[in-house]
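> Please find input36.txt (compact mmCIF, C-alpha atoms and all ligand atoms) on the next line:
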```
# COMPACT_ATOMS: atom_id res chain seq x y z
CA MET A 11 44.45 176.10 129.79
CA ALA A 12 46.53 178.05 132.30
CA ALA A 13 48.21 179.88 129.46
CA THR A 14 44.83 180.77 127.92
CA ALA A 15 43.44 182.14 131.18
CA CYS A 16 46.63 184.04 131.74
CA GLY A 17 46.44 185.48 128.22
CA ARG A 18 42.88 186.74 128.73
CA GLN A 19 43.85 188.30 132.03
CA ALA A 20 46.82 190.00 130.41
CA TRP A 21 44.66 191.49 127.69
CA ARG A 22 42.03 192.72 130.14
CA GLN A 23 44.83 194.43 132.03
CA LEU A 24 46.20 195.89 128.80
CA MET A 25 42.81 197.28 127.81
CA ARG A 26 42.23 198.80 131.24
CA ASN A 27 45.63 200.48 131.14
CA SER A 28 45.30 201.82 127.63
CA CYS A 29 41.87 203.31 128.29
CA ARG A 30 43.11 204.79 131.54
CA GLY A 31 46.02 206.55 129.77
CA PRO A 32 47.07 209.77 131.47
CA ALA A 33 46.55 212.13 128.49
CA ALA A 34 43.07 210.98 127.60
CA THR A 35 41.79 213.94 125.66
CA PRO A 36 39.02 212.90 123.19
CA SER A 37 41.19 213.30 120.08
CA LYS A 38 44.26 211.67 121.63
CA LEU A 39 42.15 208.86 122.96
CA LEU A 40 40.84 208.15 119.48
CA ARG A 41 44.33 208.09 118.05
CA GLN A 42 45.65 205.93 120.85
CA GLN A 43 42.87 203.42 121.00
CA GLN A 44 42.89 202.51 117.36
CA PRO A 45 46.08 200.44 117.28
CA TYR A 46 45.19 198.79 120.54
CA ARG A 47 41.74 197.86 119.36
CA LEU A 48 43.28 196.40 116.22
CA ALA A 49 45.74 194.45 118.28
CA PHE A 50 43.00 193.27 120.59
CA GLN A 51 40.79 192.10 117.74
CA ARG A 52 43.62 190.12 116.23
CA GLN A 53 44.56 188.78 119.58
CA THR A 54 41.09 187.60 120.58
CA SER A 55 40.57 185.82 117.29
CA SER A 56 43.81 183.94 117.71
CA THR A 57 43.34 183.13 121.39
CA THR A 58 40.23 181.07 120.57
CA ARG A 59 42.55 178.26 119.46
CA THR A 60 45.45 178.83 121.78
CA THR A 61 48.31 176.40 121.46
CA PRO A 62 51.81 176.86 122.79
CA SER A 63 53.04 177.80 119.33
CA SER A 64 50.15 180.21 118.71
CA LEU A 65 50.95 181.88 122.00
CA LEU A 66 54.46 182.41 120.72
CA ARG A 67 53.08 183.86 117.48
CA GLN A 68 50.82 186.32 119.31
CA GLN A 69 53.65 188.33 120.75
CA PRO A 70 55.16 189.65 117.46
CA LEU A 71 51.64 190.40 116.24
CA ALA A 72 50.99 192.82 119.12
CA GLN A 73 54.39 194.41 118.63
CA ARG A 74 53.83 194.78 114.88
CA SER A 75 50.54 196.64 115.28
CA TYR A 76 52.05 198.88 117.90
CA SER A 77 55.09 199.92 115.87
CA SER A 78 53.25 200.38 112.57
CA GLY A 79 50.97 202.88 114.30
CA SER A 80 53.87 205.01 115.44
CA GLN A 81 55.83 204.77 112.21
CA GLY A 82 53.05 206.17 110.11
CA GLY A 83 52.98 209.29 112.25
CA GLN A 84 49.19 209.02 112.47
CA GLN A 85 48.86 207.07 115.64
CA THR A 86 51.25 207.61 118.48
CA PRO A 87 51.75 205.10 121.24
CA PRO A 88 50.52 206.16 124.68
CA PRO A 89 53.07 208.07 126.70
CA ARG A 90 55.03 205.94 129.05
CA SER A 91 53.75 206.34 132.53
CA SER A 92 54.98 205.03 135.81
CA ASN A 93 52.79 201.93 135.48
CA SER A 94 54.09 201.07 131.95
CA GLN A 95 56.09 198.21 133.43
CA ILE A 96 52.90 196.66 134.74
CA LYS A 97 51.55 196.69 131.16
CA PHE A 98 54.27 194.48 129.79
CA TRP A 99 55.00 191.90 132.43
CA PRO A 100 52.06 189.71 131.33
CA PHE A 101 53.76 189.32 127.96
CA VAL A 102 56.93 188.10 129.59
CA VAL A 103 54.86 185.57 131.53
CA LEU A 104 53.04 184.59 128.34
CA ILE A 105 56.26 184.01 126.43
CA ALA A 106 57.71 181.97 129.27
CA LEU A 107 54.57 179.84 129.56
CA GLY A 108 54.28 179.49 125.80
CA SER A 109 57.91 178.45 125.34
CA GLY A 110 57.68 175.99 128.23
CA GLY A 111 54.51 174.44 126.83
CA TYR A 112 55.95 174.30 123.35
CA MET A 113 59.09 172.50 124.52
CA LEU A 114 56.95 170.08 126.51
CA LEU A 115 54.86 169.32 123.44
CA ILE A 116 57.92 168.79 121.24
CA ASN A 117 59.46 166.41 123.79
CA ARG A 118 56.22 164.45 124.12
CA ARG A 119 55.83 164.20 120.34
CA LYS A 120 59.33 162.73 120.08
CA THR A 121 58.30 159.78 122.23
CA MET A 122 54.78 159.36 120.78
CA PRO A 123 54.16 157.18 117.68
CA PRO A 124 52.58 159.13 114.78
CA THR A 125 48.80 158.77 115.13
CA THR A 126 48.01 158.47 111.40
CA GLN A 127 50.35 155.57 110.67
CA THR A 128 48.67 152.35 109.59
CA THR A 129 50.07 148.95 110.43
CA PRO A 130 50.23 146.69 107.36
CA ALA A 131 48.04 143.56 107.46
CA PHE A 132 51.13 141.35 107.03
CA SER A 133 54.51 141.92 108.58
CA PRO A 134 57.41 141.87 106.08
CA SER A 135 59.41 139.83 108.58
CA GLU A 136 56.88 137.00 108.22
CA VAL A 137 55.57 137.47 104.70
CA THR A 138 57.77 137.89 101.60
CA VAL A 139 56.41 139.95 98.73
CA LEU A 140 58.24 140.42 95.43
CA PHE A 141 56.55 142.73 92.94
CA VAL A 142 57.03 141.60 89.33
CA LEU A 143 56.80 144.42 86.81
CA GLY A 144 57.39 144.90 83.09
CA GLY A 145 55.45 145.99 80.03
CA PRO A 146 52.62 143.90 78.60
CA GLY A 147 54.21 140.86 76.97
CA ALA A 148 57.56 141.30 78.76
CA GLY A 149 57.37 137.72 80.06
CA LYS A 150 56.32 138.24 83.69
CA GLY A 151 53.93 135.29 83.83
CA THR A 152 56.42 132.93 82.11
CA GLN A 153 59.20 133.79 84.58
CA CYS A 154 56.87 133.62 87.60
CA ALA A 155 55.91 130.02 86.70
CA ARG A 156 59.59 129.01 86.88
CA LEU A 157 60.15 130.81 90.19
CA VAL A 158 57.10 129.07 91.66
CA ARG A 159 58.48 125.71 90.54
CA ASP A 160 61.95 126.27 92.03
CA TYR A 161 61.42 128.50 95.05
CA GLN A 162 57.94 127.68 96.38
CA PHE A 163 56.44 131.09 95.77
CA THR A 164 52.71 131.59 95.36
CA HIS A 165 52.05 133.46 92.13
CA LEU A 166 49.33 136.13 92.26
CA SER A 167 48.72 137.92 88.97
CA ALA A 168 46.76 141.17 89.45
CA GLY A 169 45.44 140.88 85.87
CA ASP A 170 44.24 137.28 86.46
CA LEU A 171 42.52 138.28 89.73
CA LEU A 172 40.80 141.18 87.96
CA ARG A 173 39.61 138.94 85.12
CA GLU A 174 38.27 136.43 87.67
CA GLU A 175 36.42 139.20 89.49
CA GLN A 176 35.08 140.53 86.19
CA ASP A 177 33.60 137.09 85.41
CA ARG A 178 32.27 136.41 88.91
CA PRO A 179 28.46 136.39 88.77
CA GLY A 180 27.02 139.31 90.73
CA SER A 181 30.28 141.26 90.97
CA GLN A 182 29.57 144.97 91.29
CA TYR A 183 32.91 145.74 89.64
CA GLY A 184 32.49 143.45 86.62
CA GLN A 185 31.64 146.13 84.08
CA LEU A 186 34.20 148.60 85.43
CA ILE A 187 36.98 146.02 85.18
CA LYS A 188 35.90 144.97 81.70
CA ASP A 189 36.00 148.57 80.43
CA CYS A 190 39.39 149.27 82.00
CA ILE A 191 40.97 146.11 80.59
CA LYS A 192 39.63 146.73 77.07
CA ASN A 193 41.02 150.26 77.12
CA GLY A 194 44.30 149.33 78.75
CA GLU A 195 43.48 151.55 81.73
CA ILE A 196 44.25 150.94 85.39
CA VAL A 197 41.41 149.65 87.55
CA PRO A 198 40.93 151.78 90.71
CA MET A 199 43.40 150.62 93.35
CA GLU A 200 40.76 149.81 96.00
CA VAL A 201 39.48 146.91 93.88
CA THR A 202 42.89 145.45 92.99
CA ILE A 203 44.37 145.82 96.48
CA ALA A 204 41.34 144.16 98.08
CA LEU A 205 41.58 141.25 95.63
CA LEU A 206 45.28 140.82 96.35
CA GLU A 207 44.91 141.03 100.12
CA ASN A 208 42.08 138.48 100.08
CA ALA A 209 44.12 136.13 97.90
CA MET A 210 47.14 136.42 100.20
CA ARG A 211 45.07 135.79 103.31
CA ASP A 212 43.35 132.85 101.65
CA THR A 213 46.68 131.32 100.56
CA ILE A 214 48.22 131.66 104.01
CA THR A 215 45.16 130.09 105.64
CA ARG A 216 44.91 127.21 103.17
CA THR A 217 48.58 126.39 102.56
CA GLY A 218 50.63 128.27 105.12
CA ASN A 219 52.80 129.62 102.29
CA LYS A 220 53.92 133.17 102.98
CA LYS A 221 56.07 133.84 99.89
CA PHE A 222 54.35 135.79 97.13
CA LEU A 223 55.20 136.90 93.62
CA ILE A 224 52.77 139.70 92.86
CA ASP A 225 52.73 139.97 89.09
CA GLY A 226 51.61 143.08 87.18
CA PHE A 227 51.31 145.12 90.32
CA PRO A 228 51.73 147.95 91.29
CA ARG A 229 50.95 149.53 87.92
CA LYS A 230 50.42 153.01 89.37
CA MET A 231 52.04 155.02 92.17
CA ASP A 232 48.91 155.14 94.32
CA GLN A 233 48.70 151.32 94.23
CA ALA A 234 52.34 151.04 95.27
CA LEU A 235 52.06 153.38 98.22
CA LYS A 236 48.72 152.07 99.46
CA PHE A 237 49.62 148.40 99.18
CA GLU A 238 52.85 148.84 101.12
CA GLU A 239 51.04 150.90 103.73
CA VAL A 240 48.04 148.67 104.36
CA VAL A 241 48.92 145.18 103.10
CA CYS A 242 52.65 144.44 103.17
CA PRO A 243 55.90 146.21 102.27
CA ALA A 244 57.63 144.50 99.32
CA LYS A 245 61.12 143.07 99.60
CA LEU A 246 62.01 144.14 96.07
CA VAL A 247 60.78 144.71 92.54
CA LEU A 248 61.72 142.31 89.78
CA PHE A 249 61.56 144.35 86.59
CA TYR A 250 61.56 142.73 83.15
CA ASP A 251 62.77 145.18 80.55
CA CYS A 252 61.83 144.52 76.94
CA PRO A 253 61.54 146.70 73.81
CA GLU A 254 58.01 147.52 72.63
CA ALA A 255 58.49 145.91 69.21
CA GLU A 256 59.31 142.57 70.82
CA MET A 257 56.41 142.81 73.29
CA GLU A 258 53.97 143.69 70.49
CA LYS A 259 55.10 140.66 68.48
CA ARG A 260 54.55 138.37 71.48
CA LEU A 261 51.14 139.81 72.36
CA LEU A 262 49.82 139.50 68.81
CA GLU A 263 51.03 135.92 68.73
CA ARG A 264 49.40 135.20 72.09
CA GLY A 265 46.19 136.92 70.92
CA LYS A 266 45.66 134.14 68.38
CA THR A 267 44.78 131.73 71.20
CA SER A 268 44.48 133.65 74.50
CA GLY A 269 40.90 134.82 74.00
CA ARG A 270 41.84 137.99 75.90
CA ALA A 271 39.87 141.11 75.02
CA ASP A 272 43.04 143.22 75.16
CA ASP A 273 45.44 141.15 73.02
CA ASN A 274 44.58 143.10 69.85
CA ALA A 275 46.46 145.88 68.06
CA GLU A 276 44.30 148.73 69.37
CA SER A 277 44.27 147.64 73.03
CA ILE A 278 47.98 146.83 72.88
CA ARG A 279 48.73 150.42 71.79
CA LYS A 280 46.74 151.78 74.73
CA ARG A 281 48.41 149.37 77.16
CA PHE A 282 51.84 150.49 75.99
CA ARG A 283 50.92 154.12 76.56
CA THR A 284 49.58 153.40 80.05
CA PHE A 285 52.74 151.46 80.82
CA VAL A 286 55.06 154.30 79.80
CA GLU A 287 53.03 157.09 81.39
CA THR A 288 51.70 155.42 84.54
CA SER A 289 53.67 152.28 85.35
CA MET A 290 57.24 153.35 84.54
CA PRO A 291 57.12 156.06 87.26
CA VAL A 292 56.53 153.22 89.74
CA VAL A 293 59.71 151.47 88.53
CA HIS A 294 61.63 154.75 88.80
CA HIS A 295 60.27 155.27 92.32
CA TYR A 296 61.64 151.90 93.43
CA GLU A 297 64.89 152.41 91.52
CA ALA A 298 65.47 155.57 93.52
CA GLU A 299 65.08 153.42 96.64
CA ASN A 300 67.52 150.79 95.32
CA ARG A 301 64.82 148.12 95.41
CA VAL A 302 64.77 147.11 91.74
CA VAL A 303 66.33 144.00 90.22
CA LYS A 304 66.32 144.56 86.48
CA VAL A 305 66.47 141.73 83.96
CA ILE A 306 66.54 142.20 80.18
CA SER A 307 63.79 139.95 78.85
CA THR A 308 64.37 140.04 75.10
CA PRO A 309 66.21 136.64 74.96
CA PRO A 310 64.38 133.28 75.05
CA PRO A 311 62.65 132.40 78.38
CA ASP A 312 65.30 129.97 79.70
CA GLN A 313 68.05 132.52 79.25
CA VAL A 314 65.96 135.21 80.95
CA TYR A 315 65.28 132.81 83.81
CA ALA A 316 68.99 132.02 84.29
CA ASP A 317 69.66 135.74 84.51
CA THR A 318 66.75 136.19 86.92
CA GLN A 319 68.24 133.60 89.28
CA VAL A 320 71.68 135.22 89.17
CA GLN A 321 70.24 138.68 89.87
CA LEU A 322 67.94 137.52 92.65
CA LYS A 323 70.75 135.62 94.38
CA LYS A 324 72.89 138.74 94.17
CA ALA A 325 70.13 140.82 95.81
CA LEU A 326 68.72 138.35 98.33
CA GLY A 327 71.39 135.71 98.88
CA ASP A 328 71.07 132.01 98.04
CA LYS A 329 67.86 131.51 99.97
CA PHE A 330 65.02 133.59 98.69
O1 LIG A 401 48.88 142.15 83.78
P1 LIG A 401 47.87 141.98 82.71
O2 LIG A 401 48.42 142.25 81.34
O3 LIG A 401 47.16 140.68 82.79
O4 LIG A 401 46.77 143.12 82.97
C1 LIG A 401 45.66 143.25 82.14
C2 LIG A 401 44.92 144.51 82.46
O5 LIG A 401 44.42 144.47 83.78
C3 LIG A 401 45.71 145.79 82.41
O6 LIG A 401 45.89 146.27 81.09
C4 LIG A 401 44.83 146.71 83.23
O7 LIG A 401 43.70 147.12 82.50
C5 LIG A 401 44.37 145.77 84.34
N1 LIG A 401 45.29 145.86 85.50
C6 LIG A 401 45.13 146.92 86.39
N2 LIG A 401 45.94 147.03 87.48
C7 LIG A 401 46.90 146.13 87.70
C8 LIG A 401 47.09 145.04 86.82
C9 LIG A 401 46.25 144.94 85.71
O8 LIG A 401 44.27 147.76 86.20
N3 LIG A 401 47.70 146.27 88.75
MG MG A 402 50.40 138.29 82.79
```
Show me, as structure tokens, the structure contained in the file I just sent.


Amino acid sequence: MAATACGRQAWRQLMRNSCRGPAATPSKLLRQQQPYRLAFQRQTSSTTRTTPSSLLRQQPLAQRSYSSGSQGGQQTPPPRSSNSQIKFWPFVVLIALGSGGYMLLINRRKTMPPTTQTTPAFSPSEVTVLFVLGGPGAGKGTQCARLVRDYQFTHLSAGDLLREEQDRPGSQYGQLIKDCIKNGEIVPMEVTIALLENAMRDTITRTGNKKFLIDGFPRKMDQALKFEEVVCPAKLVLFYDCPEAEMEKRLLERGKTSGRADDNAESIRKRFRTFVETSMPVVHHYEAENRVVKVISTPPPDQVYADTQVQLKKALGDKF
């Protein structure tokens, strides 16, 4: 506030001085006033939102308009008079105040927590989350069942939760989920994240278990970022890598009895495309952060599970 008041005062002084210039013939006055008026207009518009940094920016602006007037030969600066020193001291004061304020702000920001940061619902020091990813038919569900048996995880499949919500009488998302699943598209993250958070909260309340395998999630970058921001950061990503031909064979076989609307040739093709285009970038994102444990899932389930245990022990130690 002090800097703003001081700035206004400085400009009033500047205007008085420029209009009182010693050689104020009508034509000279016109020539002289133009650059100043320009400078003043720019200055007043910027002083309406004066911050320490904007105060710093104002100074070169005034200098720029002054020198461009003289360079063009059209508009000459006012002749220096004995009171020219009085004209410029306010700028020195402004710069000093601005710099001081700016440094103060920087130092305060260093100690202040960022205001936009959200605290996740569950702390990763209390709650363990492992994301389980892989193409459709890569064997995620099969491997999760074994990990639940041996390591007391709670298995939450995003696809299962979505199908449950789709079938829940009165659900406002039922049709949306149904359409997305049929077309192999990703359901908007708000729905899936809310279902997962509710399921986690419910599990913790009912059983006290705080170890989760979150299967088939995140399938898209926005889901990954949002979940870790608002629900819980994941410890790592368990990624089952399997060739498409093998996954297609498994899904068609499963389709004979699963009753799933998306275990058919057409939906499978769409799911593969979504996986490559939308879900693989998520795996790459976590790979770049060294948070991926990759297991080749082409061999029979027991062999894949043995490899999973070895890899997880390597990443997390014996107790995970
Ligand atoms: O994992 P699952 O194969 O059971 O997923 C079935 C379908 O559920 C996906 O093809 C997709 O339409 C939807 N889904 C989703 N977002 C997730 C997981 C599944 O939209 N994170
Ligand atoms: Mg599954």

> For segment 304-310 of chain A, please output as a PyMOL selection string all residues within 8 Å (counting all atoms listed in the file; exclusion window: fewer than 3 positions along the same chain).

chain A and resi 148-149+248-253+256+313-314+317-318+321

> Record the distance separating atom C6 of ligand LIG 401 (chain A) and atom CA of Arg156 of chain A, expressed in Å with one decimal.

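Atom-to-atom, atom C6 of ligand LIG 401 (chain A) to atom CA of Arg156 of chain A, that is 23.0 Å.
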
> For ligand LIG 401 (chain A), collect every residue having any atom at a distance of at most 7 Å from a ligand atom (counting all atoms listed in the file); output as a PyMOL selection string.

chain A and resi 146+167-170+172+190-198+202+225-229+281

> Between A:Val158, A:Leu326, A:Ala298, A:Ile224, which one has atoms that come closest to Ala209 of chain A, using only C-alpha atoms?

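When distances to Ala209 of chain A are compared using only C-alpha atoms, the smallest one comes from A:Ile224.
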
> Considering all atoms listed in the file, state which residue in the set A:Val303, A:Ala316, A:Leu166, A:Val139 is at the smallest distance from Val241 of chain A.

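Once distances to Val241 of chain A are computed over all atoms listed in the file, the minimum belongs to A:Val139.
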
> Between A:Met199, A:Val293, A:Ile214, A:Ala155, which residue has the minimum interatomic distance to ligand MG 402 (chain A), considering all atoms listed in the file?

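Looking only at the distances to ligand MG 402 (chain A), the closest residue turns out to be A:Ala155.
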
> When distances are computed from all atoms listed in the file, which of A:Gly180, A:Val302, A:His294, A:Arg173 shows the smallest separation from ligand MG 402 (chain A)?

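Of all the options, A:Arg173 lies closest to ligand MG 402 (chain A).
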
> Quick one: pull the distance between atom CA of Thr129 of chain A and atom CA of Lys323 of chain A, Å, one decimal.

29.4 Å

> Just checking: using all atoms listed in the file, which residue out of A:Leu246, A:Leu223, A:Leu104, A:Leu114 ends up closest to ligand MG 402 (chain A)?

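Smallest separation from ligand MG 402 (chain A) among the options: A:Leu223.
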
> Find the residue from A:Asp212, A:Glu297, A:Asp273, A:Asp232 that sits nearest to ligand MG 402 (chain A); use only C-alpha atoms and all ligand atoms when measuring.

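Once distances to ligand MG 402 (chain A) are computed over only C-alpha atoms and all ligand atoms, the minimum belongs to A:Asp273.
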
> Could you tell me how far atom CA of Lys220 of chain A lies from atom CA of Thr164 of chain A, in Å and to one decimal?

7.9 Å

> Show me, as a PyMOL selection string, the residues that have an atom within 7 Å of Val240 of chain A when counting only C-alpha atoms, minus same-chain residues fewer than 5 positions from it.

chain A and resi 128-131

> Can you give me N, CA, C and O atoms for segment 296-315 of chain A, written as a tab-separated table (two decimals), in the coordinates of the input?


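Here's the written file selection35.tsv:
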```tsv
chain	number	residue	atom	x	y	z
A	296	TYR	N	60.92	152.95	92.71
A	296	TYR	CA	61.64	151.90	93.43
A	296	TYR	C	63.13	151.88	93.09
A	296	TYR	O	63.95	151.50	93.93
A	297	GLU	N	63.46	152.31	91.87
A	297	GLU	CA	64.89	152.41	91.52
A	297	GLU	C	65.58	153.41	92.42
A	297	GLU	O	66.70	153.18	92.90
A	298	ALA	N	64.90	154.53	92.65
A	298	ALA	CA	65.47	155.57	93.52
A	298	ALA	C	65.67	155.06	94.94
A	298	ALA	O	66.52	155.56	95.68
A	299	GLU	N	64.92	154.02	95.30
A	299	GLU	CA	65.08	153.42	96.64
A	299	GLU	C	65.99	152.19	96.61
A	299	GLU	O	66.07	151.46	97.60
A	300	ASN	N	66.62	151.95	95.47
A	300	ASN	CA	67.52	150.79	95.32
A	300	ASN	C	66.82	149.46	95.58
A	300	ASN	O	67.39	148.56	96.18
A	301	ARG	N	65.58	149.35	95.14
A	301	ARG	CA	64.82	148.12	95.41
A	301	ARG	C	64.47	147.38	94.13
A	301	ARG	O	63.59	146.52	94.15
A	302	VAL	N	65.13	147.74	93.01
A	302	VAL	CA	64.77	147.11	91.74
A	302	VAL	C	65.87	146.15	91.28
A	302	VAL	O	67.05	146.48	91.30
A	303	VAL	N	65.44	144.95	90.89
A	303	VAL	CA	66.33	144.00	90.22
A	303	VAL	C	65.87	143.97	88.78
A	303	VAL	O	64.74	143.56	88.49
A	304	LYS	N	66.74	144.44	87.87
A	304	LYS	CA	66.32	144.56	86.48
A	304	LYS	C	66.90	143.43	85.63
A	304	LYS	O	68.09	143.12	85.72
A	305	VAL	N	66.03	142.81	84.83
A	305	VAL	CA	66.47	141.73	83.96
A	305	VAL	C	66.00	142.06	82.54
A	305	VAL	O	64.82	142.39	82.33
A	306	ILE	N	66.92	141.98	81.58
A	306	ILE	CA	66.54	142.20	80.18
A	306	ILE	C	65.81	140.95	79.70
A	306	ILE	O	66.35	139.83	79.79
A	307	SER	N	64.60	141.15	79.17
A	307	SER	CA	63.79	139.95	78.85
A	307	SER	C	63.56	139.77	77.35
A	307	SER	O	62.59	139.12	76.95
A	308	THR	N	64.48	140.26	76.55
A	308	THR	CA	64.37	140.04	75.10
A	308	THR	C	64.78	138.61	74.71
A	308	THR	O	64.15	138.01	73.83
A	309	PRO	N	65.81	138.00	75.36
A	309	PRO	CA	66.21	136.64	74.96
A	309	PRO	C	65.12	135.61	75.24
A	309	PRO	O	64.12	135.91	75.88
A	310	PRO	N	65.34	134.36	74.80
A	310	PRO	CA	64.38	133.28	75.05
A	310	PRO	C	64.19	133.06	76.56
A	310	PRO	O	65.09	133.34	77.36
A	311	PRO	N	63.01	132.52	76.96
A	311	PRO	CA	62.65	132.40	78.38
A	311	PRO	C	63.70	131.74	79.28
A	311	PRO	O	63.92	132.21	80.40
A	312	ASP	N	64.34	130.66	78.82
A	312	ASP	CA	65.30	129.97	79.70
A	312	ASP	C	66.49	130.86	80.04
A	312	ASP	O	66.99	130.85	81.17
A	313	GLN	N	66.91	131.62	79.04
A	313	GLN	CA	68.05	132.52	79.25
A	313	GLN	C	67.65	133.65	80.22
A	313	GLN	O	68.42	134.02	81.11
A	314	VAL	N	66.45	134.15	80.05
A	314	VAL	CA	65.96	135.21	80.95
A	314	VAL	C	65.85	134.66	82.38
A	314	VAL	O	66.22	135.33	83.35
A	315	TYR	N	65.43	133.41	82.48
A	315	TYR	CA	65.28	132.81	83.81
A	315	TYR	C	66.64	132.64	84.49
A	315	TYR	O	66.79	132.92	85.69
```
